[in-house]
file protein_36.txt (compact mmCIF, C-alpha atoms)
# COMPACT_ATOMS: atom_id res chain seq x y z
CA MET T 1 -10.90 -37.13 -27.95
CA ARG T 2 -7.98 -38.59 -26.03
CA ASN T 3 -5.81 -35.54 -26.72
CA ARG T 4 -8.61 -33.24 -25.65
CA ILE T 5 -8.86 -35.00 -22.29
CA LEU T 6 -5.10 -34.85 -21.87
CA ARG T 7 -5.09 -31.13 -22.64
CA PHE T 8 -7.75 -30.50 -20.00
CA LEU T 9 -5.64 -32.50 -17.57
CA ALA T 10 -2.62 -30.35 -18.45
CA TYR T 11 -4.61 -27.18 -17.76
CA GLY T 12 -5.56 -28.54 -14.35
CA VAL T 13 -2.01 -29.62 -13.50
CA LEU T 14 -0.77 -26.17 -14.48
CA GLY T 15 -3.30 -24.56 -12.13
CA LEU T 16 -2.41 -26.96 -9.32
CA LEU T 17 1.33 -26.35 -9.60
CA THR T 18 0.88 -22.60 -9.85
CA GLY T 19 -1.45 -22.51 -6.86
CA LEU T 20 0.98 -24.52 -4.75
CA ILE T 21 3.99 -22.36 -5.61
CA VAL T 22 2.08 -19.10 -5.12
CA ALA T 23 0.89 -20.42 -1.75
CA LEU T 24 4.52 -21.11 -0.86
CA LEU T 25 5.41 -17.58 -1.94
CA GLU T 26 2.66 -16.10 0.25
CA PHE T 27 3.75 -18.21 3.21
CA THR T 28 7.43 -17.34 2.81
CA ALA T 29 7.07 -13.64 2.10
CA VAL T 30 4.17 -12.78 4.39
CA THR T 31 3.89 -15.37 7.16
CA LEU T 32 7.58 -16.09 7.71
CA LEU T 33 9.06 -12.67 6.95
CA LEU T 34 6.76 -9.65 6.64
CA ASP T 35 4.56 -10.40 9.65
CA ARG T 36 7.68 -10.56 11.82
CA VAL T 37 9.15 -7.38 10.34
CA LEU T 38 5.91 -5.50 11.09
CA GLU T 39 6.20 -6.50 14.77
CA ALA T 40 9.91 -5.70 15.08
CA PRO T 41 11.43 -2.63 16.81
CA LEU T 42 11.61 0.52 14.70
CA TRP T 43 15.32 0.27 13.96
CA GLN T 44 14.83 -3.23 12.58
CA LYS T 45 11.86 -2.11 10.48
CA ALA T 46 13.99 0.69 9.06
CA LEU T 47 16.83 -1.63 8.10
CA ALA T 48 14.68 -4.49 6.80
CA PRO T 49 13.80 -3.13 3.32
CA GLY T 50 17.44 -2.40 2.54
CA LEU T 51 18.47 -5.87 3.65
CA GLY T 52 15.74 -7.36 1.48
CA LEU T 53 16.92 -5.34 -1.52
CA ALA T 54 20.50 -6.45 -0.91
CA ALA T 55 19.42 -10.09 -0.66
CA ALA T 56 17.42 -9.78 -3.89
CA ALA T 57 20.39 -8.25 -5.70
CA VAL T 58 22.72 -11.04 -4.56
CA ILE T 59 20.21 -13.75 -5.48
CA LEU T 60 19.68 -12.35 -8.98
CA LYS T 61 23.40 -11.83 -9.50
CA VAL T 62 24.73 -15.11 -8.12
CA ILE T 63 21.95 -17.68 -8.40
CA GLY T 64 20.24 -16.02 -11.35
CA ARG T 65 23.54 -15.27 -13.08
CA GLY T 66 22.73 -11.65 -13.74
CA LEU T 67 18.94 -11.80 -14.11
CA ASP T 68 17.05 -8.51 -14.05
CA PRO T 69 14.21 -8.01 -11.53
CA ALA T 70 11.39 -8.02 -14.10
CA THR T 71 8.45 -10.38 -13.51
CA SER T 72 5.08 -9.53 -15.08
CA GLU T 73 6.89 -7.61 -17.84
CA GLU T 74 8.57 -10.87 -18.77
CA TYR T 75 5.17 -12.46 -19.33
CA ILE T 76 4.12 -9.74 -21.78
CA ALA T 77 7.47 -9.86 -23.57
CA ALA T 78 7.38 -13.65 -23.76
CA TYR T 79 3.91 -13.61 -25.27
CA HIS T 80 5.13 -11.55 -28.22
CA ASP T 81 8.46 -13.34 -28.68
CA ARG T 82 8.72 -15.99 -31.35
CA ARG T 83 10.51 -18.12 -28.79
CA PRO T 84 9.29 -17.35 -25.27
CA ARG T 85 12.26 -16.43 -23.11
CA VAL T 86 10.77 -17.37 -19.75
CA ARG T 87 12.80 -20.31 -18.54
CA LEU T 88 12.11 -22.68 -15.70
CA SER T 89 15.67 -22.19 -14.42
CA HIS T 90 14.93 -18.49 -13.90
CA LEU T 91 11.96 -19.15 -11.63
CA PRO T 92 13.78 -20.07 -8.37
CA PRO T 93 15.99 -16.95 -8.23
CA ARG T 94 13.14 -14.60 -9.10
CA PHE T 95 10.91 -16.39 -6.58
CA MET T 96 13.51 -15.98 -3.83
CA ALA T 97 14.28 -12.38 -4.80
CA GLY T 98 10.58 -11.50 -4.73
CA ALA T 99 10.11 -13.14 -1.34
CA ALA T 100 13.14 -11.26 0.02
CA THR T 101 12.04 -7.90 -1.40
CA ILE T 102 8.44 -8.01 -0.20
CA GLY T 103 8.98 -10.12 2.89
CA MET T 104 11.48 -7.61 4.25
CA GLY T 105 9.11 -4.70 3.72
CA GLY T 106 9.62 -3.58 0.13
CA ALA T 107 6.55 -1.62 -0.99
CA MET T 108 5.60 -3.87 -3.90
CA GLY T 109 3.07 -6.65 -4.45
CA LEU T 110 3.26 -10.43 -4.76
CA GLU T 111 1.26 -10.42 -7.99
CA GLY T 112 4.39 -9.85 -10.10
CA PRO T 113 6.20 -13.01 -8.96
CA SER T 114 2.88 -14.89 -9.04
CA ILE T 115 2.23 -14.01 -12.68
CA TYR T 116 5.80 -14.90 -13.58
CA THR T 117 5.50 -18.22 -11.74
CA GLY T 118 2.41 -19.30 -13.64
CA ALA T 119 3.65 -18.06 -17.01
CA THR T 120 6.99 -19.82 -16.60
CA ILE T 121 5.43 -23.13 -15.61
CA GLY T 122 2.92 -22.84 -18.46
CA ALA T 123 5.56 -22.08 -21.09
CA SER T 124 7.72 -24.95 -19.83
CA MET T 125 4.82 -27.41 -19.92
CA GLN T 126 3.84 -26.40 -23.44
CA HIS T 127 7.44 -26.76 -24.63
CA ARG T 128 7.63 -30.28 -23.21
CA LEU T 129 4.18 -31.25 -24.50
CA LYS T 130 4.54 -30.01 -28.07
CA TRP T 131 2.99 -33.22 -29.38
CA LEU T 132 -0.17 -32.50 -27.41
CA PHE T 133 -0.53 -28.85 -28.42
CA ARG T 134 0.84 -28.90 -31.97
CA ASP T 135 -2.53 -27.86 -33.44
CA LYS T 136 -3.19 -25.20 -30.78
CA ASP T 137 -1.97 -21.71 -30.00
CA ASP T 138 1.65 -22.04 -28.92
CA ARG T 139 1.07 -19.44 -26.18
CA SER T 140 -2.03 -20.95 -24.59
CA LEU T 141 -0.36 -22.41 -21.50
CA LEU T 142 1.76 -19.29 -21.05
CA VAL T 143 -1.44 -17.25 -20.82
CA ALA T 144 -3.21 -19.87 -18.70
CA GLY T 145 -0.31 -19.89 -16.25
CA ALA T 146 -0.41 -16.11 -15.88
CA ALA T 147 -4.15 -16.33 -15.24
CA ALA T 148 -3.55 -19.00 -12.61
CA GLY T 149 -0.98 -16.81 -10.85
CA VAL T 150 -3.32 -13.83 -10.62
CA ALA T 151 -6.27 -16.01 -9.64
CA ALA T 152 -4.31 -17.45 -6.73
CA ILE T 153 -2.70 -14.36 -5.24
CA PHE T 154 -5.84 -12.19 -5.58
CA LYS T 155 -8.26 -15.05 -4.85
CA THR T 156 -10.23 -13.97 -7.92
CA PRO T 157 -10.34 -16.48 -10.81
CA ALA T 158 -12.27 -14.18 -13.16
CA THR T 159 -9.80 -11.34 -12.62
CA GLY T 160 -6.94 -13.71 -13.36
CA VAL T 161 -8.47 -14.76 -16.67
CA LEU T 162 -9.23 -11.20 -17.77
CA PHE T 163 -5.77 -9.97 -16.82
CA ALA T 164 -3.96 -12.75 -18.65
CA LEU T 165 -6.06 -12.39 -21.80
CA GLU T 166 -5.93 -8.60 -22.02
CA SER T 167 -2.53 -7.55 -20.67
CA PRO T 168 -0.45 -8.71 -23.69
CA TYR T 169 -2.32 -6.22 -25.90
CA LYS T 170 -3.49 -2.61 -25.82
CA GLY T 171 -6.58 -3.13 -27.97
CA ASP T 172 -7.10 -6.86 -28.27
CA MET T 173 -6.98 -10.03 -26.20
CA ALA T 174 -5.56 -13.55 -26.38
CA ARG T 175 -8.95 -15.14 -27.12
CA ARG T 176 -7.64 -18.56 -28.09
CA ALA T 177 -6.30 -19.11 -24.58
CA LEU T 178 -9.68 -18.53 -22.90
CA LEU T 179 -10.52 -22.15 -22.09
CA PRO T 180 -7.06 -23.07 -20.75
CA ALA T 181 -7.03 -19.88 -18.68
CA LEU T 182 -10.46 -20.61 -17.19
CA VAL T 183 -9.51 -24.13 -16.12
CA ALA T 184 -6.06 -23.22 -14.79
CA ALA T 185 -7.36 -20.17 -12.91
CA ALA T 186 -10.13 -22.16 -11.25
CA VAL T 187 -7.81 -24.95 -10.12
CA SER T 188 -5.15 -22.50 -8.93
CA TYR T 189 -7.72 -20.53 -6.94
CA VAL T 190 -9.07 -23.63 -5.21
CA THR T 191 -5.54 -24.79 -4.42
CA PHE T 192 -4.49 -21.46 -2.94
CA VAL T 193 -7.60 -20.87 -0.82
CA GLY T 194 -7.24 -24.40 0.49
CA PHE T 195 -4.22 -23.06 2.40
CA PHE T 196 -5.15 -19.43 3.08
CA GLY T 197 -8.95 -19.30 3.02
CA THR T 198 -11.23 -17.09 0.96
CA LYS T 199 -10.94 -13.83 2.91
CA PRO T 200 -10.45 -11.05 0.32
CA ILE T 201 -7.49 -8.67 0.33
CA PHE T 202 -9.84 -5.71 0.79
CA ASP T 203 -13.05 -6.67 2.59
CA ALA T 204 -16.13 -4.62 1.69
CA LYS T 205 -17.56 -5.36 5.14
CA GLU T 206 -14.67 -3.47 6.72
CA ILE T 207 -15.17 -0.55 4.37
CA LEU T 208 -18.92 -0.38 5.12
CA GLN T 209 -18.53 -1.05 8.83
CA GLY T 210 -20.67 1.23 10.98
CA LEU T 211 -23.05 2.21 8.17
CA THR T 212 -26.74 1.40 8.28
CA GLU T 213 -28.45 -0.33 5.36
CA GLY T 214 -30.06 2.96 4.38
CA GLU T 215 -26.71 4.74 4.33
CA VAL T 216 -25.16 1.99 2.21
CA LEU T 217 -27.99 2.09 -0.34
CA ARG T 218 -28.28 5.89 -0.42
CA PHE T 219 -26.94 7.49 -3.58
CA ASP T 220 -27.03 11.24 -4.15
CA SER T 221 -25.23 14.01 -6.00
CA ARG T 222 -22.29 13.93 -3.59
CA ASP T 223 -21.57 10.37 -4.64
CA LEU T 224 -21.58 11.39 -8.30
CA TRP T 225 -19.26 14.30 -7.67
CA GLY T 226 -17.08 12.10 -5.51
CA ALA T 227 -16.84 9.45 -8.23
CA ALA T 228 -15.88 12.10 -10.78
CA ILE T 229 -13.22 13.50 -8.46
CA VAL T 230 -11.85 10.02 -7.75
CA GLY T 231 -11.57 9.36 -11.49
CA LEU T 232 -9.85 12.68 -12.14
CA MET T 233 -7.45 12.30 -9.24
CA ALA T 234 -6.70 8.69 -10.13
CA GLY T 235 -5.97 9.64 -13.73
CA LEU T 236 -3.66 12.48 -12.76
CA GLY T 237 -2.05 10.36 -10.07
CA SER T 238 -1.41 7.52 -12.50
CA VAL T 239 0.33 9.89 -14.90
CA PHE T 240 2.50 11.20 -12.09
CA PHE T 241 3.27 7.73 -10.76
CA SER T 242 4.06 6.35 -14.22
CA ARG T 243 6.72 9.04 -14.53
CA MET T 244 8.10 8.02 -11.15
CA VAL T 245 8.20 4.42 -12.36
CA ARG T 246 10.06 5.38 -15.54
CA ILE T 247 12.61 7.32 -13.52
CA ALA T 248 12.96 4.41 -11.08
CA LYS T 249 13.51 1.93 -13.91
CA LYS T 250 16.12 4.19 -15.49
CA ILE T 251 17.95 4.44 -12.18
CA SER T 252 17.75 0.67 -11.76
CA HIS T 253 19.19 0.19 -15.25
CA ASP T 254 21.93 2.83 -15.08
CA LEU T 255 23.35 2.51 -11.57
CA PRO T 256 25.54 -0.35 -10.31
CA ALA T 257 23.68 -2.73 -8.03
CA TRP T 258 25.53 -1.70 -4.88
CA GLN T 259 24.73 1.98 -5.41
CA ARG T 260 21.02 1.51 -6.03
CA VAL T 261 20.69 -0.94 -3.12
CA LEU T 262 22.57 1.36 -0.74
CA GLY T 263 20.67 4.45 -1.85
CA GLY T 264 17.31 2.71 -1.98
CA GLY T 265 17.82 1.09 1.40
CA ALA T 266 18.76 4.42 2.98
CA LEU T 267 15.76 6.19 1.46
CA MET T 268 13.40 3.40 2.52
CA ALA T 269 14.80 3.58 6.05
CA GLY T 270 14.05 7.29 6.14
CA ILE T 271 10.52 6.75 4.83
CA VAL T 272 9.83 4.00 7.37
CA VAL T 273 11.02 6.15 10.28
CA LEU T 274 9.10 9.22 9.08
CA VAL T 275 5.88 7.25 8.62
CA ASP T 276 6.25 5.64 12.03
CA GLN T 277 6.76 9.01 13.71
CA VAL T 278 3.80 10.62 11.96
CA TYR T 279 1.29 7.76 11.92
CA GLU T 280 2.65 5.45 14.64
CA LEU T 281 2.01 2.50 12.31
CA PRO T 282 4.19 0.63 9.75
CA LEU T 283 2.20 2.03 6.82
CA ALA T 284 5.23 2.22 4.50
CA LEU T 285 6.14 -1.47 4.66
CA GLY T 286 5.05 -4.22 2.32
CA PRO T 287 2.22 -4.11 -0.21
CA ALA T 288 -0.22 -2.50 2.26
CA GLY T 289 1.47 -2.30 5.64
CA GLY T 290 0.16 -5.72 6.59
CA GLY T 291 -3.40 -4.40 6.29
CA SER T 292 -2.74 -1.41 8.53
CA VAL T 293 -3.09 1.02 5.60
CA LEU T 294 -6.68 -0.10 5.00
CA GLU T 295 -7.52 0.12 8.70
CA TRP T 296 -5.97 3.57 9.10
CA VAL T 297 -7.54 5.04 5.96
CA LEU T 298 -11.00 3.87 7.02
CA GLU T 299 -10.72 5.43 10.47
CA PRO T 300 -12.67 8.70 10.75
CA GLY T 301 -11.13 11.99 11.74
CA HIS T 302 -7.89 12.00 9.75
CA SER T 303 -6.91 15.34 8.26
CA MET T 304 -6.57 15.93 4.54
CA GLY T 305 -2.89 16.71 5.00
CA LEU T 306 -2.17 13.33 6.57
CA LEU T 307 -4.02 11.52 3.79
CA VAL T 308 -2.15 13.37 1.03
CA LEU T 309 1.16 12.85 2.81
CA LEU T 310 0.51 9.12 3.13
CA LEU T 311 -0.33 8.88 -0.57
CA GLY T 312 2.91 10.64 -1.49
CA LEU T 313 5.03 8.54 0.86
CA ARG T 314 3.52 5.27 -0.38
CA MET T 315 4.24 6.32 -3.99
CA LEU T 316 7.79 7.21 -3.03
CA ALA T 317 8.28 3.93 -1.15
CA THR T 318 7.07 1.86 -4.11
CA SER T 319 9.13 3.72 -6.69
CA THR T 320 12.17 3.53 -4.40
CA THR T 321 11.80 -0.23 -4.02
CA LEU T 322 11.45 -0.56 -7.78
CA GLY T 323 14.39 1.70 -8.54
CA ALA T 324 16.61 -0.15 -6.08
CA GLY T 325 16.07 -3.38 -8.00
CA GLY T 326 13.29 -4.89 -5.93
CA VAL T 327 11.30 -7.79 -7.36
CA GLY T 328 7.54 -7.44 -7.15
CA GLY T 329 4.38 -6.13 -8.75
CA LEU T 330 2.72 -2.73 -8.91
CA PHE T 331 -0.95 -3.69 -9.02
CA ILE T 332 -1.52 -4.00 -5.27
CA PRO T 333 0.38 -0.75 -4.54
CA LEU T 334 -1.79 0.96 -7.17
CA THR T 335 -4.88 -0.41 -5.43
CA VAL T 336 -3.63 1.09 -2.17
CA PHE T 337 -3.11 4.42 -3.94
CA GLY T 338 -6.69 4.22 -5.19
CA LEU T 339 -7.98 3.49 -1.70
CA ILE T 340 -6.26 6.56 -0.27
CA THR T 341 -7.38 8.67 -3.23
CA GLY T 342 -10.98 7.60 -2.67
CA ARG T 343 -10.79 8.68 0.96
CA ILE T 344 -9.33 12.05 -0.07
CA ALA T 345 -12.14 12.55 -2.59
CA GLY T 346 -14.67 11.63 0.09
CA GLU T 347 -13.28 14.32 2.36
CA LEU T 348 -13.47 16.86 -0.47
CA VAL T 349 -17.19 16.28 -1.05
CA GLY T 350 -18.03 15.84 2.62
CA ASN T 351 -18.78 12.14 2.29
CA PRO T 352 -15.84 10.27 3.88
call {"tool": "encode", "arguments": {"input": "protein_36.txt", "output": "structure tokens"}}
result
Amino acid sequence: MRNRILRFLAYGVLGLLTGLIVALLEFTAVTLLLDRVLEAPLWQKALAPGLGLAAAAVILKVIGRGLDPATSEEYIAAYHDRRPRVRLSHLPPRFMAGAATIGMGGAMGLEGPSIYTGATIGASMQHRLKWLFRDKDDRSLLVAGAAAGVAAIFKTPATGVLFALESPYKGDMARRALLPALVAAAVSYVTFVGFFGTKPIFDAKEILQGLTEGEVLRFDSRDLWGAAIVGLMAGLGSVFFSRMVRIAKKISHDLPAWQRVLGGGALMAGIVVLVDQVYELPLALGPAGGGSVLEWVLEPGHSMGLLVLLLGLRMLATSTTLGAGGVGGLFIPLTVFGLITGRIAGELVGNP
């Protein structure tokens, strides 16, 4: 009974620590850096992603002693390793590199560093508390930490638990870590929203703004066709983007750091300038342009060409950031791709 209580306490402490560090990541990357970059003159916006990539490369090389930029991939690899390779000493450099990449406008998401943060803390706690978990799954706190990271950054505890349990496998899940993941995710969520509130990343009220109750509840054949088109386009788009990601990772692996940072920074600068000239908004920067992507996509009257161009440029910006060695996640960028795809499908069926 005593050990059971101590284990529950450990789950809660894991969630608390993860929530605090993810909150610090959000504050550093978004409040201190990205919000200022989005308000800067165009020439500074254009240079910012390259500077962030350069800073990330230096941090990983010097402080991390040659660490690679992987984050969420490390969680999956650690789960299947006999001896998890996520080390607490690797957390600070990857944390700083992620904040530099995304805070300076790299088109990736904070969920990657958040997952890595929780998984690293969880693995470290379980290693130091072997006596408490000797009769339990030796990956339970690793999984619980990953769940806590997702729960905090997305403000969705249930999503965090499902992600952490399912992502290590293609056709199974880490069932034995369910209870630790539930507790850690709940505590992490409460900790994070204590600093940043409960406002969701994508607010349904904004999406449905201007529609009457009858229009919201109405469901006809156009919606069915639209849903089918969204699914088809999303599937084809994911295949295309996955190939871009593979190419980007190969470039990141094969090229020296200075070449990929210089090339990636130059390409990102070109994308930022082009997007600013076409859309007059910083839609290429950060995970979602500081929210401007959502606002722009939901505005009526945009042509199909502009929507398709934005989708292509966002894909290019994300793959460029990844290929240049940026540290971050791909889930939020994929969500942005889905948002734009949904608007394109709506235009196709006459139901924007």
call {"tool": "residues_near_point", "arguments": {"input": "protein_36.txt", "point": "(19.6, -14.6, -14.5)", "cutoff": "12 Å", "atoms": "all atoms listed in the file", "output": "PyMOL selection string"}}
result
chain T and resi 56-71+85-95+97
call {"tool": "closest_residue", "arguments": {"input": "protein_36.txt", "among": "T:Gly109, T:Phe196, T:Ile121, T:Ala10", "to": "Phe27 of chain T", "atoms": "all atoms listed in the file"}}
result
T:Phe196
call {"tool": "residues_around", "arguments": {"input": "protein_36.txt", "residues": "Ala46 of chain T", "least_positions_apart": "5", "cutoff": "8 Å", "atoms": "all atoms listed in the file", "output": "number ranges by chain"}}
result
T: 268-270, 272-273
call {"tool": "closest_residue", "arguments": {"input": "protein_36.txt", "among": "T:Val22, T:Val349, T:Val230, T:Leu47", "to": "Ala152 of chain T", "atoms": "only C-alpha atoms"}}
result
T:Val22
call {"tool": "residues_around", "arguments": {"input": "protein_36.txt", "residues": "Val30 of chain T", "least_positions_apart": "3", "cutoff": "9 Å", "atoms": "all atoms listed in the file", "output": "list of chain:residue names"}}
result
T:Leu25, T:Glu26, T:Phe27, T:Leu33, T:Leu34, T:Asp35, T:Arg36, T:Ala99, T:Ile102, T:Gly103, T:Met104, T:Gly286, T:Gly290
call {"tool": "residues_around", "arguments": {"input": "protein_36.txt", "residues": "segment 179-182 of chain T", "least_positions_apart": "5", "cutoff": "7 Å", "atoms": "only C-alpha atoms", "output": "ChimeraX atom specification"}}
result
/T:11,140-141,143-144,147,161
call {"tool": "decode", "arguments": {"input": "protein_36.txt", "residues": "segment 73-111 of chain T", "atoms": "C-alpha atoms", "output": "mmCIF file, in the first residue's frame"}}
result
data_model
loop_
_atom_site.group_PDB
_atom_site.id
_atom_site.type_symbol
_atom_site.label_atom_id
_atom_site.label_comp_id
_atom_site.auth_asym_id
_atom_site.auth_seq_id
_atom_site.Cartn_x
_atom_site.Cartn_y
_atom_site.Cartn_z
ATOM 1 C CA GLU T 73 11.634 10.224 -32.408
ATOM 2 C CA GLU T 74 13.888 9.770 -29.404
ATOM 3 C CA TYR T 75 10.871 8.877 -27.278
ATOM 4 C CA ILE T 76 9.799 6.119 -29.672
ATOM 5 C CA ALA T 77 13.349 4.798 -29.987
ATOM 6 C CA ALA T 78 13.848 4.882 -26.219
ATOM 7 C CA TYR T 79 10.661 2.915 -25.646
ATOM 8 C CA HIS T 80 11.970 0.014 -27.710
ATOM 9 C CA ASP T 81 15.560 0.140 -26.442
ATOM 10 C CA ARG T 82 16.583 -2.279 -23.734
ATOM 11 C CA ARG T 83 18.289 0.645 -22.038
ATOM 12 C CA PRO T 84 16.477 3.912 -22.795
ATOM 13 C CA ARG T 85 18.941 6.372 -24.278
ATOM 14 C CA VAL T 86 17.133 9.565 -23.290
ATOM 15 C CA ARG T 87 19.388 11.242 -20.764
ATOM 16 C CA LEU T 88 18.646 14.129 -18.469
ATOM 17 C CA SER T 89 21.876 15.832 -19.566
ATOM 18 C CA HIS T 90 20.532 15.981 -23.136
ATOM 19 C CA LEU T 91 17.401 17.879 -22.135
ATOM 20 C CA PRO T 92 18.852 21.411 -21.679
ATOM 21 C CA PRO T 93 20.541 21.616 -25.104
ATOM 22 C CA ARG T 94 17.525 20.209 -26.940
ATOM 23 C CA PHE T 95 15.249 22.527 -24.952
ATOM 24 C CA MET T 96 17.342 25.567 -25.905
ATOM 25 C CA ALA T 97 17.704 24.450 -29.524
ATOM 26 C CA GLY T 98 13.942 23.960 -29.823
ATOM 27 C CA ALA T 99 13.237 27.365 -28.311
ATOM 28 C CA ALA T 100 15.729 28.971 -30.705
ATOM 29 C CA THR T 101 14.363 27.179 -33.773
ATOM 30 C CA ILE T 102 10.682 27.894 -33.170
ATOM 31 C CA GLY T 103 11.086 31.177 -31.328
ATOM 32 C CA MET T 104 12.972 32.667 -34.260
ATOM 33 C CA GLY T 105 10.299 31.618 -36.738
ATOM 34 C CA GLY T 106 11.141 28.060 -37.739
ATOM 35 C CA ALA T 107 8.009 26.395 -39.132
ATOM 36 C CA MET T 108 7.829 23.555 -36.617
ATOM 37 C CA GLY T 109 5.841 22.880 -33.450
ATOM 38 C CA LEU T 110 6.622 22.877 -29.738
ATOM 39 C CA GLU T 111 5.129 19.410 -29.275
#
